[in-house]
$ cat final_39.pdb   # PDB, C-alpha atoms and all ligand atoms
ATOM      1  CA  MET A   1     -36.070  24.327 -13.664  1.00  0.00           C
ATOM      2  CA  THR A   2     -33.593  25.222 -10.912  1.00  0.00           C
ATOM      3  CA  GLU A   3     -30.997  27.948 -11.320  1.00  0.00           C
ATOM      4  CA  TRP A   4     -28.274  25.269 -11.509  1.00  0.00           C
ATOM      5  CA  GLN A   5     -30.011  23.571 -14.408  1.00  0.00           C
ATOM      6  CA  ALA A   6     -30.735  26.840 -16.184  1.00  0.00           C
ATOM      7  CA  ILE A   7     -27.198  28.239 -16.295  1.00  0.00           C
ATOM      8  CA  SER A   8     -24.017  26.483 -17.206  1.00  0.00           C
ATOM      9  CA  LEU A   9     -21.158  26.933 -14.800  1.00  0.00           C
ATOM     10  CA  PHE A  10     -17.454  26.920 -15.491  1.00  0.00           C
ATOM     11  CA  ILE A  11     -15.794  25.467 -12.392  1.00  0.00           C
ATOM     12  CA  THR A  12     -12.034  25.034 -12.041  1.00  0.00           C
ATOM     13  CA  PHE A  13     -10.165  22.840  -9.546  1.00  0.00           C
ATOM     14  CA  GLU A  14      -6.853  24.134  -8.252  1.00  0.00           C
ATOM     15  CA  GLY A  15      -4.185  23.267  -5.701  1.00  0.00           C
ATOM     16  CA  ILE A  16      -0.666  21.913  -5.395  1.00  0.00           C
ATOM     17  CA  ASP A  17       0.294  18.543  -6.922  1.00  0.00           C
ATOM     18  CA  GLY A  18      -1.273  15.724  -4.927  1.00  0.00           C
ATOM     19  CA  CYS A  19      -4.105  17.840  -3.452  1.00  0.00           C
ATOM     20  CA  GLY A  20      -6.801  15.530  -4.845  1.00  0.00           C
ATOM     21  CA  LYS A  21      -8.180  17.612  -7.737  1.00  0.00           C
ATOM     22  CA  SER A  22      -8.765  14.690 -10.105  1.00  0.00           C
ATOM     23  CA  THR A  23     -10.602  12.616  -7.517  1.00  0.00           C
ATOM     24  CA  GLN A  24     -12.892  15.500  -6.574  1.00  0.00           C
ATOM     25  CA  ALA A  25     -13.539  16.705 -10.127  1.00  0.00           C
ATOM     26  CA  GLY A  26     -14.384  13.084 -10.987  1.00  0.00           C
ATOM     27  CA  LEU A  27     -16.835  12.770  -8.089  1.00  0.00           C
ATOM     28  CA  LEU A  28     -18.586  16.033  -8.996  1.00  0.00           C
ATOM     29  CA  SER A  29     -18.732  15.005 -12.643  1.00  0.00           C
ATOM     30  CA  GLU A  30     -20.285  11.644 -11.676  1.00  0.00           C
ATOM     31  CA  TYR A  31     -22.846  13.343  -9.467  1.00  0.00           C
ATOM     32  CA  LEU A  32     -23.862  15.891 -12.124  1.00  0.00           C
ATOM     33  CA  SER A  33     -24.051  13.211 -14.836  1.00  0.00           C
ATOM     34  CA  ARG A  34     -26.348  11.113 -12.671  1.00  0.00           C
ATOM     35  CA  GLN A  35     -28.473  14.104 -11.798  1.00  0.00           C
ATOM     36  CA  TYR A  36     -28.770  15.870 -15.157  1.00  0.00           C
ATOM     37  CA  GLY A  37     -27.376  13.458 -17.791  1.00  0.00           C
ATOM     38  CA  SER A  38     -23.848  12.951 -19.043  1.00  0.00           C
ATOM     39  CA  GLU A  39     -24.327  15.474 -21.880  1.00  0.00           C
ATOM     40  CA  LYS A  40     -24.800  18.177 -19.235  1.00  0.00           C
ATOM     41  CA  VAL A  41     -21.273  17.972 -17.829  1.00  0.00           C
ATOM     42  CA  LEU A  42     -17.762  17.975 -19.211  1.00  0.00           C
ATOM     43  CA  TRP A  43     -14.761  17.004 -17.078  1.00  0.00           C
ATOM     44  CA  THR A  44     -11.470  18.174 -18.538  1.00  0.00           C
ATOM     45  CA  ARG A  45      -7.963  19.176 -17.464  1.00  0.00           C
ATOM     46  CA  GLU A  46      -4.866  21.175 -18.333  1.00  0.00           C
ATOM     47  CA  PRO A  47      -2.380  20.866 -19.789  1.00  0.00           C
ATOM     48  CA  GLY A  48      -3.674  18.728 -22.658  1.00  0.00           C
ATOM     49  CA  GLY A  49      -7.474  18.831 -22.613  1.00  0.00           C
ATOM     50  CA  TRP A  50      -8.079  18.941 -26.368  1.00  0.00           C
ATOM     51  CA  PRO A  51      -7.453  16.460 -29.225  1.00  0.00           C
ATOM     52  CA  GLY A  52      -3.957  16.932 -30.592  1.00  0.00           C
ATOM     53  CA  SER A  53      -2.558  18.436 -27.401  1.00  0.00           C
ATOM     54  CA  SER A  54      -0.582  15.414 -26.221  1.00  0.00           C
ATOM     55  CA  CYS A  55       2.714  16.732 -27.651  1.00  0.00           C
ATOM     56  CA  LEU A  56       2.276  20.019 -25.763  1.00  0.00           C
ATOM     57  CA  ARG A  57       1.471  18.145 -22.536  1.00  0.00           C
ATOM     58  CA  GLU A  58       4.467  15.889 -23.019  1.00  0.00           C
ATOM     59  CA  MET A  59       6.755  18.883 -23.611  1.00  0.00           C
ATOM     60  CA  LEU A  60       5.428  20.728 -20.568  1.00  0.00           C
ATOM     61  CA  LEU A  61       5.698  17.778 -18.189  1.00  0.00           C
ATOM     62  CA  SER A  62       9.057  16.496 -19.442  1.00  0.00           C
ATOM     63  CA  GLY A  63      10.904  19.004 -17.271  1.00  0.00           C
ATOM     64  CA  GLU A  64      13.254  19.719 -20.155  1.00  0.00           C
ATOM     65  CA  LEU A  65      12.319  23.343 -20.788  1.00  0.00           C
ATOM     66  CA  ASP A  66      14.949  25.781 -19.545  1.00  0.00           C
ATOM     67  CA  HIS A  67      13.434  29.220 -20.127  1.00  0.00           C
ATOM     68  CA  PRO A  68      10.561  30.049 -17.757  1.00  0.00           C
ATOM     69  CA  TRP A  69       8.703  32.034 -20.432  1.00  0.00           C
ATOM     70  CA  THR A  70       8.703  29.004 -22.746  1.00  0.00           C
ATOM     71  CA  GLU A  71       6.561  27.298 -20.121  1.00  0.00           C
ATOM     72  CA  VAL A  72       4.203  30.272 -19.835  1.00  0.00           C
ATOM     73  CA  PHE A  73       3.718  30.536 -23.587  1.00  0.00           C
ATOM     74  CA  LEU A  74       3.136  26.792 -24.001  1.00  0.00           C
ATOM     75  CA  PHE A  75       0.667  26.614 -21.093  1.00  0.00           C
ATOM     76  CA  LEU A  76      -1.175  29.597 -22.585  1.00  0.00           C
ATOM     77  CA  ALA A  77      -1.121  28.175 -26.123  1.00  0.00           C
ATOM     78  CA  ASP A  78      -2.585  24.964 -24.730  1.00  0.00           C
ATOM     79  CA  ARG A  79      -5.262  26.997 -22.873  1.00  0.00           C
ATOM     80  CA  CYS A  80      -6.180  29.125 -25.896  1.00  0.00           C
ATOM     81  CA  GLU A  81      -6.960  26.001 -27.940  1.00  0.00           C
ATOM     82  CA  HIS A  82      -8.638  24.258 -25.009  1.00  0.00           C
ATOM     83  CA  ALA A  83     -10.890  27.270 -24.352  1.00  0.00           C
ATOM     84  CA  LYS A  84     -11.709  27.829 -28.034  1.00  0.00           C
ATOM     85  CA  LYS A  85     -12.220  24.201 -29.070  1.00  0.00           C
ATOM     86  CA  ILE A  86     -13.703  22.638 -25.937  1.00  0.00           C
ATOM     87  CA  ILE A  87     -14.576  24.843 -22.950  1.00  0.00           C
ATOM     88  CA  GLU A  88     -16.383  27.769 -24.568  1.00  0.00           C
ATOM     89  CA  PRO A  89     -18.426  25.708 -27.083  1.00  0.00           C
ATOM     90  CA  THR A  90     -19.465  23.286 -24.318  1.00  0.00           C
ATOM     91  CA  LEU A  91     -20.654  26.114 -22.065  1.00  0.00           C
ATOM     92  CA  LEU A  92     -22.686  27.463 -25.004  1.00  0.00           C
ATOM     93  CA  THR A  93     -24.575  24.155 -25.196  1.00  0.00           C
ATOM     94  CA  GLY A  94     -25.733  24.742 -21.607  1.00  0.00           C
ATOM     95  CA  ALA A  95     -23.477  22.061 -20.086  1.00  0.00           C
ATOM     96  CA  HIS A  96     -21.302  22.618 -17.025  1.00  0.00           C
ATOM     97  CA  VAL A  97     -17.533  22.459 -17.430  1.00  0.00           C
ATOM     98  CA  LEU A  98     -15.268  21.105 -14.675  1.00  0.00           C
ATOM     99  CA  CYS A  99     -11.629  21.826 -15.439  1.00  0.00           C
ATOM    100  CA  GLU A 100      -8.561  20.741 -13.475  1.00  0.00           C
ATOM    101  CA  ARG A 101      -6.143  23.692 -13.534  1.00  0.00           C
ATOM    102  CA  TYR A 102      -6.494  26.936 -15.500  1.00  0.00           C
ATOM    103  CA  ASP A 103      -5.161  30.506 -15.232  1.00  0.00           C
ATOM    104  CA  ASP A 104      -4.614  30.281 -11.460  1.00  0.00           C
ATOM    105  CA  SER A 105      -2.129  27.427 -12.021  1.00  0.00           C
ATOM    106  CA  THR A 106      -0.123  29.629 -14.385  1.00  0.00           C
ATOM    107  CA  LEU A 107      -0.063  32.408 -11.797  1.00  0.00           C
ATOM    108  CA  ALA A 108       0.711  30.184  -8.803  1.00  0.00           C
ATOM    109  CA  TYR A 109       3.324  27.981 -10.542  1.00  0.00           C
ATOM    110  CA  GLN A 110       4.997  30.369 -12.977  1.00  0.00           C
ATOM    111  CA  VAL A 111       4.895  33.507 -10.775  1.00  0.00           C
ATOM    112  CA  TRP A 112       5.324  32.157  -7.253  1.00  0.00           C
ATOM    113  CA  GLY A 113       7.047  28.896  -8.253  1.00  0.00           C
ATOM    114  CA  ARG A 114       9.350  30.175 -10.987  1.00  0.00           C
ATOM    115  CA  GLY A 115       9.649  33.791  -9.875  1.00  0.00           C
ATOM    116  CA  LEU A 116       8.232  35.565 -12.936  1.00  0.00           C
ATOM    117  CA  ASP A 117       6.655  38.990 -12.571  1.00  0.00           C
ATOM    118  CA  LEU A 118       2.953  38.864 -11.614  1.00  0.00           C
ATOM    119  CA  GLY A 119       1.915  41.852 -13.742  1.00  0.00           C
ATOM    120  CA  LYS A 120       3.689  40.500 -16.837  1.00  0.00           C
ATOM    121  CA  VAL A 121       2.154  37.025 -16.561  1.00  0.00           C
ATOM    122  CA  GLU A 122      -1.282  38.570 -15.957  1.00  0.00           C
ATOM    123  CA  SER A 123      -0.829  40.699 -19.092  1.00  0.00           C
ATOM    124  CA  ALA A 124       0.063  37.601 -21.111  1.00  0.00           C
ATOM    125  CA  ILE A 125      -3.058  35.841 -19.791  1.00  0.00           C
ATOM    126  CA  SER A 126      -5.285  38.794 -20.599  1.00  0.00           C
ATOM    127  CA  LEU A 127      -3.902  38.950 -24.167  1.00  0.00           C
ATOM    128  CA  CYS A 128      -5.414  35.484 -24.716  1.00  0.00           C
ATOM    129  CA  GLY A 129      -8.901  36.751 -23.891  1.00  0.00           C
ATOM    130  CA  HIS A 130     -10.370  33.424 -22.804  1.00  0.00           C
ATOM    131  CA  ARG A 131     -13.278  33.141 -20.433  1.00  0.00           C
ATOM    132  CA  SER A 132     -12.650  33.209 -16.672  1.00  0.00           C
ATOM    133  CA  PRO A 133     -14.086  30.541 -14.362  1.00  0.00           C
ATOM    134  CA  ASP A 134     -17.299  31.238 -12.439  1.00  0.00           C
ATOM    135  CA  LYS A 135     -16.085  29.329  -9.393  1.00  0.00           C
ATOM    136  CA  THR A 136     -12.728  27.876  -8.373  1.00  0.00           C
ATOM    137  CA  ILE A 137     -12.405  25.070  -5.861  1.00  0.00           C
ATOM    138  CA  LEU A 138      -9.042  25.431  -4.107  1.00  0.00           C
ATOM    139  CA  LEU A 139      -8.107  22.196  -2.357  1.00  0.00           C
ATOM    140  CA  GLU A 140      -5.868  22.776   0.643  1.00  0.00           C
ATOM    141  CA  VAL A 141      -3.747  19.940   2.017  1.00  0.00           C
ATOM    142  CA  SER A 142      -0.594  19.790   4.114  1.00  0.00           C
ATOM    143  CA  MET A 143       2.728  19.282   2.319  1.00  0.00           C
ATOM    144  CA  GLU A 144       2.965  15.849   3.964  1.00  0.00           C
ATOM    145  CA  THR A 145      -0.393  14.688   2.582  1.00  0.00           C
ATOM    146  CA  ALA A 146       0.354  16.102  -0.872  1.00  0.00           C
ATOM    147  CA  LEU A 147       3.769  14.483  -0.906  1.00  0.00           C
ATOM    148  CA  LYS A 148       2.346  11.107   0.095  1.00  0.00           C
ATOM    149  CA  ARG A 149      -0.358  11.223  -2.587  1.00  0.00           C
ATOM    150  CA  ALA A 150       1.889  12.560  -5.344  1.00  0.00           C
ATOM    151  CA  SER A 151       4.680  10.054  -4.732  1.00  0.00           C
ATOM    152  CA  ALA A 152       2.216   7.189  -5.259  1.00  0.00           C
ATOM    153  CA  ARG A 153       2.049   8.211  -8.951  1.00  0.00           C
ATOM    154  CA  SER A 154       4.082   6.403 -11.557  1.00  0.00           C
ATOM    155  CA  ARG A 155       5.790   9.335 -13.298  1.00  0.00           C
ATOM    156  CA  PRO A 156       8.276  11.543 -11.432  1.00  0.00           C
ATOM    157  CA  ASP A 157       6.313  14.376  -9.909  1.00  0.00           C
ATOM    158  CA  ARG A 158       7.064  17.977  -9.258  1.00  0.00           C
ATOM    159  CA  TYR A 159       8.344  17.226  -5.750  1.00  0.00           C
ATOM    160  CA  GLU A 160      11.104  15.133  -7.202  1.00  0.00           C
ATOM    161  CA  LYS A 161      11.812  17.603  -9.989  1.00  0.00           C
ATOM    162  CA  GLU A 162      11.527  20.911  -8.152  1.00  0.00           C
ATOM    163  CA  GLY A 163      11.633  20.131  -4.448  1.00  0.00           C
ATOM    164  CA  LYS A 164       9.381  20.996  -1.567  1.00  0.00           C
ATOM    165  CA  PRO A 165      10.249  24.739  -1.371  1.00  0.00           C
ATOM    166  CA  PHE A 166       8.918  25.204  -4.921  1.00  0.00           C
ATOM    167  CA  LEU A 167       5.525  23.799  -3.939  1.00  0.00           C
ATOM    168  CA  GLU A 168       5.499  25.778  -0.711  1.00  0.00           C
ATOM    169  CA  ARG A 169       5.849  28.941  -2.793  1.00  0.00           C
ATOM    170  CA  VAL A 170       3.103  27.744  -5.142  1.00  0.00           C
ATOM    171  CA  ARG A 171       0.853  27.255  -2.139  1.00  0.00           C
ATOM    172  CA  GLU A 172       1.580  30.794  -0.982  1.00  0.00           C
ATOM    173  CA  GLY A 173       0.636  31.968  -4.462  1.00  0.00           C
ATOM    174  CA  TYR A 174      -2.738  30.234  -4.289  1.00  0.00           C
ATOM    175  CA  ARG A 175      -3.386  31.847  -0.904  1.00  0.00           C
ATOM    176  CA  PHE A 176      -2.646  35.270  -2.316  1.00  0.00           C
ATOM    177  CA  LEU A 177      -4.878  34.697  -5.357  1.00  0.00           C
ATOM    178  CA  GLN A 178      -7.702  33.502  -3.127  1.00  0.00           C
ATOM    179  CA  SER A 179      -7.403  36.498  -0.812  1.00  0.00           C
ATOM    180  CA  ARG A 180      -7.723  38.768  -3.854  1.00  0.00           C
ATOM    181  CA  GLU A 181     -10.873  37.114  -5.241  1.00  0.00           C
ATOM    182  CA  LYS A 182     -12.826  35.722  -2.335  1.00  0.00           C
ATOM    183  CA  ASP A 183     -16.109  35.549  -4.282  1.00  0.00           C
ATOM    184  CA  ARG A 184     -14.752  33.260  -6.961  1.00  0.00           C
ATOM    185  CA  PHE A 185     -12.605  30.977  -4.800  1.00  0.00           C
ATOM    186  CA  ILE A 186     -14.081  28.299  -2.567  1.00  0.00           C
ATOM    187  CA  VAL A 187     -11.399  26.979  -0.218  1.00  0.00           C
ATOM    188  CA  ILE A 188     -11.905  23.338   0.744  1.00  0.00           C
ATOM    189  CA  ASP A 189     -10.019  21.395   3.392  1.00  0.00           C
ATOM    190  CA  GLY A 190      -8.770  18.388   1.400  1.00  0.00           C
ATOM    191  CA  GLU A 191      -7.311  16.428   4.307  1.00  0.00           C
ATOM    192  CA  SER A 192     -10.086  13.839   4.808  1.00  0.00           C
ATOM    193  CA  SER A 193     -11.352  10.839   2.850  1.00  0.00           C
ATOM    194  CA  PRO A 194     -12.534  11.500  -0.743  1.00  0.00           C
ATOM    195  CA  GLU A 195     -16.183  11.148   0.352  1.00  0.00           C
ATOM    196  CA  VAL A 196     -15.856  13.655   3.199  1.00  0.00           C
ATOM    197  CA  VAL A 197     -13.996  16.164   1.005  1.00  0.00           C
ATOM    198  CA  PHE A 198     -16.634  15.750  -1.697  1.00  0.00           C
ATOM    199  CA  LYS A 199     -19.392  16.473   0.828  1.00  0.00           C
ATOM    200  CA  ARG A 200     -17.632  19.760   1.661  1.00  0.00           C
ATOM    201  CA  ILE A 201     -17.495  20.686  -2.028  1.00  0.00           C
ATOM    202  CA  PHE A 202     -21.101  19.654  -2.558  1.00  0.00           C
ATOM    203  CA  ASP A 203     -22.277  21.742   0.423  1.00  0.00           C
ATOM    204  CA  SER A 204     -20.376  24.774  -0.779  1.00  0.00           C
ATOM    205  CA  LEU A 205     -21.976  24.558  -4.242  1.00  0.00           C
ATOM    206  CA  GLU A 206     -25.432  23.697  -2.989  1.00  0.00           C
ATOM    207  CA  GLU A 207     -26.786  27.216  -3.520  1.00  0.00           C
ATOM    208  CA  PHE A 208     -26.428  26.621  -7.264  1.00  0.00           C
ATOM    209  CA  PHE A 209     -28.455  23.408  -7.236  1.00  0.00           C
TER
HETATM  210  P1  LIG A 301      -0.400  16.851 -14.021  1.00  0.00           P
HETATM  211  O1  LIG A 301       0.250  15.558 -14.330  1.00  0.00           O
HETATM  212  O2  LIG A 301      -1.577  17.219 -14.858  1.00  0.00           O
HETATM  213  O3  LIG A 301      -0.724  16.785 -12.485  1.00  0.00           O
HETATM  214  P2  LIG A 301      -1.746  17.497 -11.554  1.00  0.00           P
HETATM  215  O4  LIG A 301      -2.711  16.424 -11.222  1.00  0.00           O
HETATM  216  O5  LIG A 301      -0.953  17.957 -10.376  1.00  0.00           O
HETATM  217  O6  LIG A 301      -2.382  18.656 -12.301  1.00  0.00           O
HETATM  218  O7  LIG A 301       0.685  17.996 -14.034  1.00  0.00           O
HETATM  219  C1  LIG A 301       0.474  19.276 -14.379  1.00  0.00           C
HETATM  220  C2  LIG A 301       1.661  20.068 -13.854  1.00  0.00           C
HETATM  221  O8  LIG A 301       1.771  21.289 -14.585  1.00  0.00           O
HETATM  222  C3  LIG A 301       1.500  20.446 -12.391  1.00  0.00           C
HETATM  223  O9  LIG A 301       2.742  20.290 -11.720  1.00  0.00           O
HETATM  224  C4  LIG A 301       1.154  21.921 -12.444  1.00  0.00           C
HETATM  225  C5  LIG A 301       1.821  22.391 -13.696  1.00  0.00           C
HETATM  226  N1  LIG A 301       1.190  23.561 -14.339  1.00  0.00           N
HETATM  227  C6  LIG A 301       1.878  24.770 -14.373  1.00  0.00           C
HETATM  228  O10 LIG A 301       3.003  24.867 -13.865  1.00  0.00           O
HETATM  229  N2  LIG A 301       1.284  25.850 -14.978  1.00  0.00           N
HETATM  230  C7  LIG A 301       0.069  25.778 -15.585  1.00  0.00           C
HETATM  231  O11 LIG A 301      -0.434  26.787 -16.147  1.00  0.00           O
HETATM  232  C8  LIG A 301      -0.634  24.522 -15.564  1.00  0.00           C
HETATM  233  C9  LIG A 301      -1.974  24.372 -16.228  1.00  0.00           C
HETATM  234  C10 LIG A 301      -0.024  23.437 -14.922  1.00  0.00           C
END

$ encode --input "final_39.pdb" --output "structure tokens"
Amino acid sequence: MTEWQAISLFITFEGIDGCGKSTQAGLLSEYLSRQYGSEKVLWTREPGGWPGSSCLREMLLSGELDHPWTEVFLFLADRCEHAKKIIEPTLLTGAHVLCERYDDSTLAYQVWGRGLDLGKVESAISLCGHRSPDKTILLEVSMETALKRASARSRPDRYEKEGKPFLERVREGYRFLQSREKDRFIVIDGESSPEVVFKRIFDSLEEFF
């Protein structure tokens, strides 16, 4: 049995809206299912990755919340249930978990995007006590590429709601977080076709296979 098969990994996918997280998490999930069986991999996302969470997701994406801490508390409440009900039990079965967005999104969006204090948001996250990811794939794309991809979606995206400067700050946040934890983060150039970007991700995780 290889090391990859023997241990379950918790991998998160992060980046600004339109960076291609869903496509890449989907491709990795497909690959791992083919290789090890579909029961050996779970592909999930935040906000709203657990049964009963649709009202929280709806509230968070509606853009109708005025107080920035309301957002933090709701994202964290969603994560507490997601971690307790889905992520942690799945890892205990020996399956790998691929999750789009997690604590780094809360730091990048609510601290750099909204302007909340880093230390305070980190304290709130640590109060929750959920498990941290083993590896985080950070997909880097230009604002132009992200904008093009995100505006092809049906619902109004963050660019329309918050504007480009907001996402530029979020991107700065991700860079800071990555520079602080270089072992956990894997930075991937997300500018090419899905297949080429996936090859980059695959190569960077190969040591675990
Ligand atoms: P979503 O429709 O899931 O899009 P994406 O594919 O970009 O993840 O939107 C989730 C939005 O919520 C996205 O703009 C990032 C934001 N978000 C936060 O601001 N803080 C968080 O903690 C999380 C998990 C997401």

$ residues_near_point --input "final_39.pdb" --point "(-7.9, 21.6, -18.2)" --cutoff "10 Å" --atoms "only C-alpha atoms" --output "compact mmCIF listing (two decimals) with C-alpha atoms, in the frame of the given file"
# COMPACT_ATOMS: atom_id res chain seq x y z
CA THR A 12 -12.03 25.03 -12.04
CA PHE A 13 -10.16 22.84 -9.55
CA TRP A 43 -14.76 17.00 -17.08
CA THR A 44 -11.47 18.17 -18.54
CA ARG A 45 -7.96 19.18 -17.46
CA GLU A 46 -4.87 21.18 -18.33
CA PRO A 47 -2.38 20.87 -19.79
CA GLY A 48 -3.67 18.73 -22.66
CA GLY A 49 -7.47 18.83 -22.61
CA TRP A 50 -8.08 18.94 -26.37
CA ASP A 78 -2.58 24.96 -24.73
CA ARG A 79 -5.26 27.00 -22.87
CA HIS A 82 -8.64 24.26 -25.01
CA ALA A 83 -10.89 27.27 -24.35
CA ILE A 86 -13.70 22.64 -25.94
CA ILE A 87 -14.58 24.84 -22.95
CA VAL A 97 -17.53 22.46 -17.43
CA LEU A 98 -15.27 21.10 -14.68
CA CYS A 99 -11.63 21.83 -15.44
CA GLU A 100 -8.56 20.74 -13.48
CA ARG A 101 -6.14 23.69 -13.53
CA TYR A 102 -6.49 26.94 -15.50
CA ASP A 103 -5.16 30.51 -15.23

$ atom_distance --input "final_39.pdb" --atom1 "CA of Gly94 (chain A)" --atom2 "CA of Lys182 (chain A)"
25.7 Å

$ resolve_selection --input "final_39.pdb" --expression "the PyMOL selection byres (((not hetatm)) within 9 of (chain A and resi 301))" --output "PyMOL selection string"
chain A and resi 14-22+45-48+57+60-61+71-72+74-76+78-79+100-110+113-114+150+155+157-159+167

$ residues_around --input "final_39.pdb" --residues "Leu205 (chain A)" --least-positions-apart "4" --cutoff "12 Å" --atoms "all atoms listed in the file" --output "list in words"
Glu3, Trp4, Leu9, Ile11, Leu28, Leu32, Asp134, Lys135, Thr136, Ile137, Arg184, Phe185, Ile186, Val187, Ile188, Phe198, Lys199, Arg200, Ile201 and Phe209 of chain A

$ closest_residue --input "final_39.pdb" --among "A:Pro165, A:Ala152, A:Cys80, A:Val41" --to "Leu92 (chain A)" --atoms "all atoms listed in the file"
A:Val41

$ closest_residue --input "final_39.pdb" --among "A:Leu91, A:Lys85, A:Thr23, A:Glu206" --to "Ser132 (chain A)" --atoms "all atoms listed in the file"
A:Leu91

$ closest_residue --input "final_39.pdb" --among "A:Trp69, A:Trp112, A:Tyr174, A:Phe166" --to "Ala124 (chain A)" --atoms "only C-alpha atoms"
A:Trp69

$ atom_distance --input "final_39.pdb" --atom1 "CA of Cys55 (chain A)" --atom2 "CA of Gly26 (chain A)"
24.2 Å

$ closest_residue --input "final_39.pdb" --among "A:Ala146, A:Leu139, A:Gln35, A:Arg153" --to "Gln178 (chain A)" --atoms "all atoms listed in the file"
A:Leu139

$ atom_distance --input "final_39.pdb" --atom1 "CA of Glu191 (chain A)" --atom2 "CA of Val141 (chain A)"
5.5 Å

$ closest_residue --input "final_39.pdb" --among "A:Ser8, A:Ser193, A:Ser151, A:Thr70" --to "Pro133 (chain A)" --atoms "all atoms listed in the file"
A:Ser8

$ closest_residue --input "final_39.pdb" --among "A:Ser204, A:Thr90, A:Ser62, A:Ser53" --to "Glu39 (chain A)" --atoms "all atoms listed in the file"
A:Thr90
